[in-house]
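This report refers to the structure that appears directly beneath it.
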Amino acid sequence: MLLAEHGLDYDGAYKGNDPLQFQRVGVYFNEVEHGGVRRYVPRSTQIDLEAGVCNRLRSGPIGGLFRPDTFVTGEPGAGNNWARGFYTEGAELIDPLLDTIRRQAEACDTLQGFQLIHSLGGGTGAGMGRVPRSDARHFFHLVSETIVEPYNAMLSVHQLLDTSDLTICIDNEALYNITSGTLKIKSPTFPDLNELVAKVMCGVSTSLRFPGQLNGDLRKLGMNLIPFPRLHFLMPSYAPFYSSASQSYQGLSIPELTQALFDRKNLLVACDPRFGRYLTAATIFRGKVASREAEVAVHDLQTRDSQHFVEWIPDNVSVSLVSVPPVGQKLSATALSNSTAVQELFQRTLGTFSAMYKRGAFLHWYTGEGMDPMEFSEAESNIQDLIAEYQQYQEASANDDEAYEDEIEDE
């Protein structure tokens, strides 16, 4: 999808005809020339503790797009074990991984940050995903089907709380709900799910890759969306989603597009935003959209659903406009929401984590890799504190400030 938006084919050759496609292609690609042929190579690093997944990528349709030395793999794999990814097998790959990342970073003119896309439920993504986080900004998606997923997810979130600046959450349940419910796909495949993730990732990075009105970069995005350092887990949404059969019958206005962004059916996290409150949000519109029209639509939605937005952060929904629409669409929108409703995701995973941990189930696989059992207790306590913080700010109101000021005056 990213290739198509910039007019590149599977070999990285430019085949587009729109100057805007080419203007900021360097955000994600390096230009190389060989034998008089100019092509664009992704500035990325692919890593797994077992080589199978990376080998399938290399032998697939876009395998020739990547530099061979950007694949970093191990041999035995992490075996769905966070401790193997964090302590043993993953530790052996730290040096080659950081060396590969360093070479890619040196090819940047102005380095703004890193995007890290990894799972939380498996072994490599959850455990080894922490390796570059000491100096990288984060985007992640939640993908796993292993029985010890609650352990891996909670241990990884425990790390993300301290080492991530901004985290975009995507979970399987929401992806399946959208593909089967909205898109009417009876048996969703991985390409179906990955297409949804690609739509959101392309939408989030649009303002970096194309010029537009009311634009922003990664720093501005983080500054506007993260009011408190620990509350940096964002819920993405995208619109429009509709099945191919109903596409020709759809006519979407800007107010309808805005409303869809805040509808749980368009949310890529399986939680209900009506049971929380929005601390902040960022909306990104693509296509021919007038700035006044977008701002009015966002303002009207906030006014109409004011009970779902905290009143003590003024102007807490930002608007960005990019005139370049997605491939095959005339209009689309992406939103990143910092809502207290995301605690539902943590509560759900914490519940299954605690049920297994209380009985010591599967712990020997982790302690056998050198883990201290206390790390489980620390992760559990940290996530409980996080949930309490979200609840605290959900219940906070502007009147709390007045009461606080009265107390100061009385003193």
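Going through the structure tokens in order, the chains are called A, B, and so on, while each chain numbers its residues from 1 and the ligands are numbered from 1 in the order shown.
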
### Message
At a cut-off of 6 Å, using only C-alpha atoms, what residues contact Arg277 in chain A? Leave out same-chain residues fewer than 3 positions from it and give the result as a list in words.
### Response
His308, Phe309, Ser339, Thr340 and Gln394 of chain A

For the selection just defined, write its residues with all heavy atoms to a file, as a short mmCIF file (atom, residue, chain, number, x, y, z; two decimals), in the first residue's frame.
```cif
data_model
loop_
_atom_site.label_atom_id
_atom_site.label_comp_id
_atom_site.auth_asym_id
_atom_site.auth_seq_id
_atom_site.Cartn_x
_atom_site.Cartn_y
_atom_site.Cartn_z
N HIS A 308 -18.29 12.70 26.29
CA HIS A 308 -17.24 11.73 26.02
C HIS A 308 -15.86 12.38 25.88
O HIS A 308 -14.88 11.67 25.60
CB HIS A 308 -17.56 10.95 24.73
CG HIS A 308 -18.78 10.11 24.84
ND1 HIS A 308 -19.69 9.94 23.81
CD2 HIS A 308 -19.28 9.40 25.88
CE1 HIS A 308 -20.67 9.16 24.21
NE2 HIS A 308 -20.44 8.82 25.46
N PHE A 309 -15.78 13.69 26.09
CA PHE A 309 -14.50 14.41 26.02
C PHE A 309 -14.27 15.12 27.35
O PHE A 309 -15.19 15.73 27.91
CB PHE A 309 -14.51 15.44 24.90
CG PHE A 309 -14.59 14.85 23.51
CD1 PHE A 309 -15.80 14.49 22.97
CD2 PHE A 309 -13.44 14.65 22.76
CE1 PHE A 309 -15.90 13.94 21.69
CE2 PHE A 309 -13.52 14.11 21.49
CZ PHE A 309 -14.75 13.75 20.95
N SER A 339 -7.78 7.77 24.73
CA SER A 339 -9.03 7.65 25.49
C SER A 339 -8.82 6.77 26.71
O SER A 339 -8.07 5.78 26.66
CB SER A 339 -10.13 7.05 24.61
OG SER A 339 -11.27 6.70 25.38
N THR A 340 -9.50 7.10 27.80
CA THR A 340 -9.42 6.27 29.00
C THR A 340 -10.08 4.91 28.77
O THR A 340 -9.88 4.00 29.57
CB THR A 340 -10.09 6.97 30.19
OG1 THR A 340 -11.49 7.19 29.89
CG2 THR A 340 -9.43 8.31 30.48
N GLN A 394 -10.38 9.71 33.97
CA GLN A 394 -11.73 9.59 33.41
C GLN A 394 -12.75 10.26 34.31
O GLN A 394 -13.70 10.88 33.83
CB GLN A 394 -12.09 8.11 33.23
CG GLN A 394 -13.51 7.88 32.69
CD GLN A 394 -13.74 6.42 32.36
OE1 GLN A 394 -12.91 5.77 31.74
NE2 GLN A 394 -14.90 5.89 32.75
#
```

### Message
Need to verify the contact set: Glu195 in chain A, 12 Å, only C-alpha atoms, exclusion of same-chain residues closer than 5 positions in sequence. Can you return it as a list in words?
### Response
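Counting only the stated atoms, we get Met1, Leu2, Leu175, Tyr176, Ile178, Thr179, Leu183, Pro188, Thr189, Phe190, Val200, Met201, Cys202, Tyr238 and Phe241 of chain A.
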
### Task
Considering only C-alpha atoms, return as a PyMOL selection string whatever protein or nucleic-acid residues lie within 12 Å of range 367-379 of chain A, sequence-local ones (same chain, fewer than 5 positions apart) excluded.
chain A and resi 78-79+81-91+127+150-162+346+350+353-354+356-358+360-362+384-386

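Proximity of A:Tyr390, A:Val32, A:Glu380, A:Asn194 to Asn338 in chain A, computed with only C-alpha atoms, is greatest for A:Tyr390.
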
### Residue set, range 177-374 of chain A restricted to strand (DSSP E or B), as JSON, numbers by chain
{"A": [233, 234, 235, 236, 237, 238, 239, 267, 278, 279, 280, 281, 282, 283, 284, 285, 286, 287, 309, 317, 318, 319, 320, 321, 322, 331, 332, 333, 334, 335, 336, 337, 338, 339]}

Write a file of the just-selected residues containing C-alpha atoms, as a PDB file, in the first residue's frame.
```pdb
ATOM      1  CA  PHE A 233      -1.351   4.181  24.494  1.00  0.00           C
ATOM      2  CA  LEU A 234      -3.372   5.389  21.513  1.00  0.00           C
ATOM      3  CA  MET A 235      -6.387   3.845  19.786  1.00  0.00           C
ATOM      4  CA  PRO A 236      -6.370   4.176  15.968  1.00  0.00           C
ATOM      5  CA  SER A 237      -9.474   4.345  13.784  1.00  0.00           C
ATOM      6  CA  TYR A 238     -10.012   4.610  10.054  1.00  0.00           C
ATOM      7  CA  ALA A 239     -12.877   5.563   7.744  1.00  0.00           C
ATOM      8  CA  LEU A 267     -11.786   1.341  15.954  1.00  0.00           C
ATOM      9  CA  TYR A 278     -11.234  11.219  25.254  1.00  0.00           C
ATOM     10  CA  LEU A 279      -8.247  13.035  26.732  1.00  0.00           C
ATOM     11  CA  THR A 280      -6.957  14.024  23.287  1.00  0.00           C
ATOM     12  CA  ALA A 281      -7.328  12.984  19.659  1.00  0.00           C
ATOM     13  CA  ALA A 282      -5.733  13.732  16.293  1.00  0.00           C
ATOM     14  CA  THR A 283      -7.683  13.507  13.018  1.00  0.00           C
ATOM     15  CA  ILE A 284      -5.999  13.289   9.612  1.00  0.00           C
ATOM     16  CA  PHE A 285      -8.167  13.866   6.518  1.00  0.00           C
ATOM     17  CA  ARG A 286      -6.982  12.852   3.057  1.00  0.00           C
ATOM     18  CA  GLY A 287      -8.397  14.115  -0.232  1.00  0.00           C
ATOM     19  CA  PHE A 309     -14.504  14.410  26.022  1.00  0.00           C
ATOM     20  CA  VAL A 317      -8.883  17.326  18.998  1.00  0.00           C
ATOM     21  CA  SER A 318      -6.410  18.409  16.312  1.00  0.00           C
ATOM     22  CA  VAL A 319      -7.025  18.419  12.549  1.00  0.00           C
ATOM     23  CA  SER A 320      -4.509  17.720   9.757  1.00  0.00           C
ATOM     24  CA  LEU A 321      -5.286  17.921   6.037  1.00  0.00           C
ATOM     25  CA  VAL A 322      -3.441  16.218   3.173  1.00  0.00           C
ATOM     26  CA  LEU A 331     -11.541  10.573   0.552  1.00  0.00           C
ATOM     27  CA  SER A 332     -10.446   8.981   3.826  1.00  0.00           C
ATOM     28  CA  ALA A 333      -9.618   9.840   7.410  1.00  0.00           C
ATOM     29  CA  THR A 334      -7.501   8.388  10.201  1.00  0.00           C
ATOM     30  CA  ALA A 335      -7.682   9.214  13.900  1.00  0.00           C
ATOM     31  CA  LEU A 336      -5.435   8.551  16.872  1.00  0.00           C
ATOM     32  CA  SER A 337      -7.327   8.796  20.146  1.00  0.00           C
ATOM     33  CA  ASN A 338      -5.976   8.929  23.665  1.00  0.00           C
ATOM     34  CA  SER A 339      -9.032   7.647  25.493  1.00  0.00           C
TER      35      SER A 339
END
```

### Task
Determine the nearest neighbour of Ser253 in chain A from the options A:Ala297, A:Leu8, A:Leu268, A:Leu231, counting only C-alpha atoms.
A:Ala297

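For the set A:Leu93, A:Leu20, A:Leu65, A:Ile117, the residue with the smallest atom-to-atom gap to Glu50 in chain A is A:Leu93, counting only C-alpha atoms.
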
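Note that the spacing between CA of His6 in chain A and CA of Val25 in chain A amounts to 6.6 Å.
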
### Message
I need the alpha helix (DSSP H) residues of range 187-378 of chain A per DSSP on the backbone, written as a VMD selection string.
### Response
chain A and resid 190 to 204 206 to 209 218 to 225 254 to 261 291 to 304 343 to 358 363 to 367 374 to 378

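Picture a line from CA of Thr182 in chain A to CA of Tyr242 in chain A; it runs 5.9 Å.
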
### Task
Rank A:Phe22, A:Leu257, A:Thr206, A:Ala270 by their smallest atom-to-atom distance to Glu173 in chain A, using only C-alpha atoms, and report the top residue only.
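Of all the options, A:Ala270 lies closest to Glu173 in chain A.
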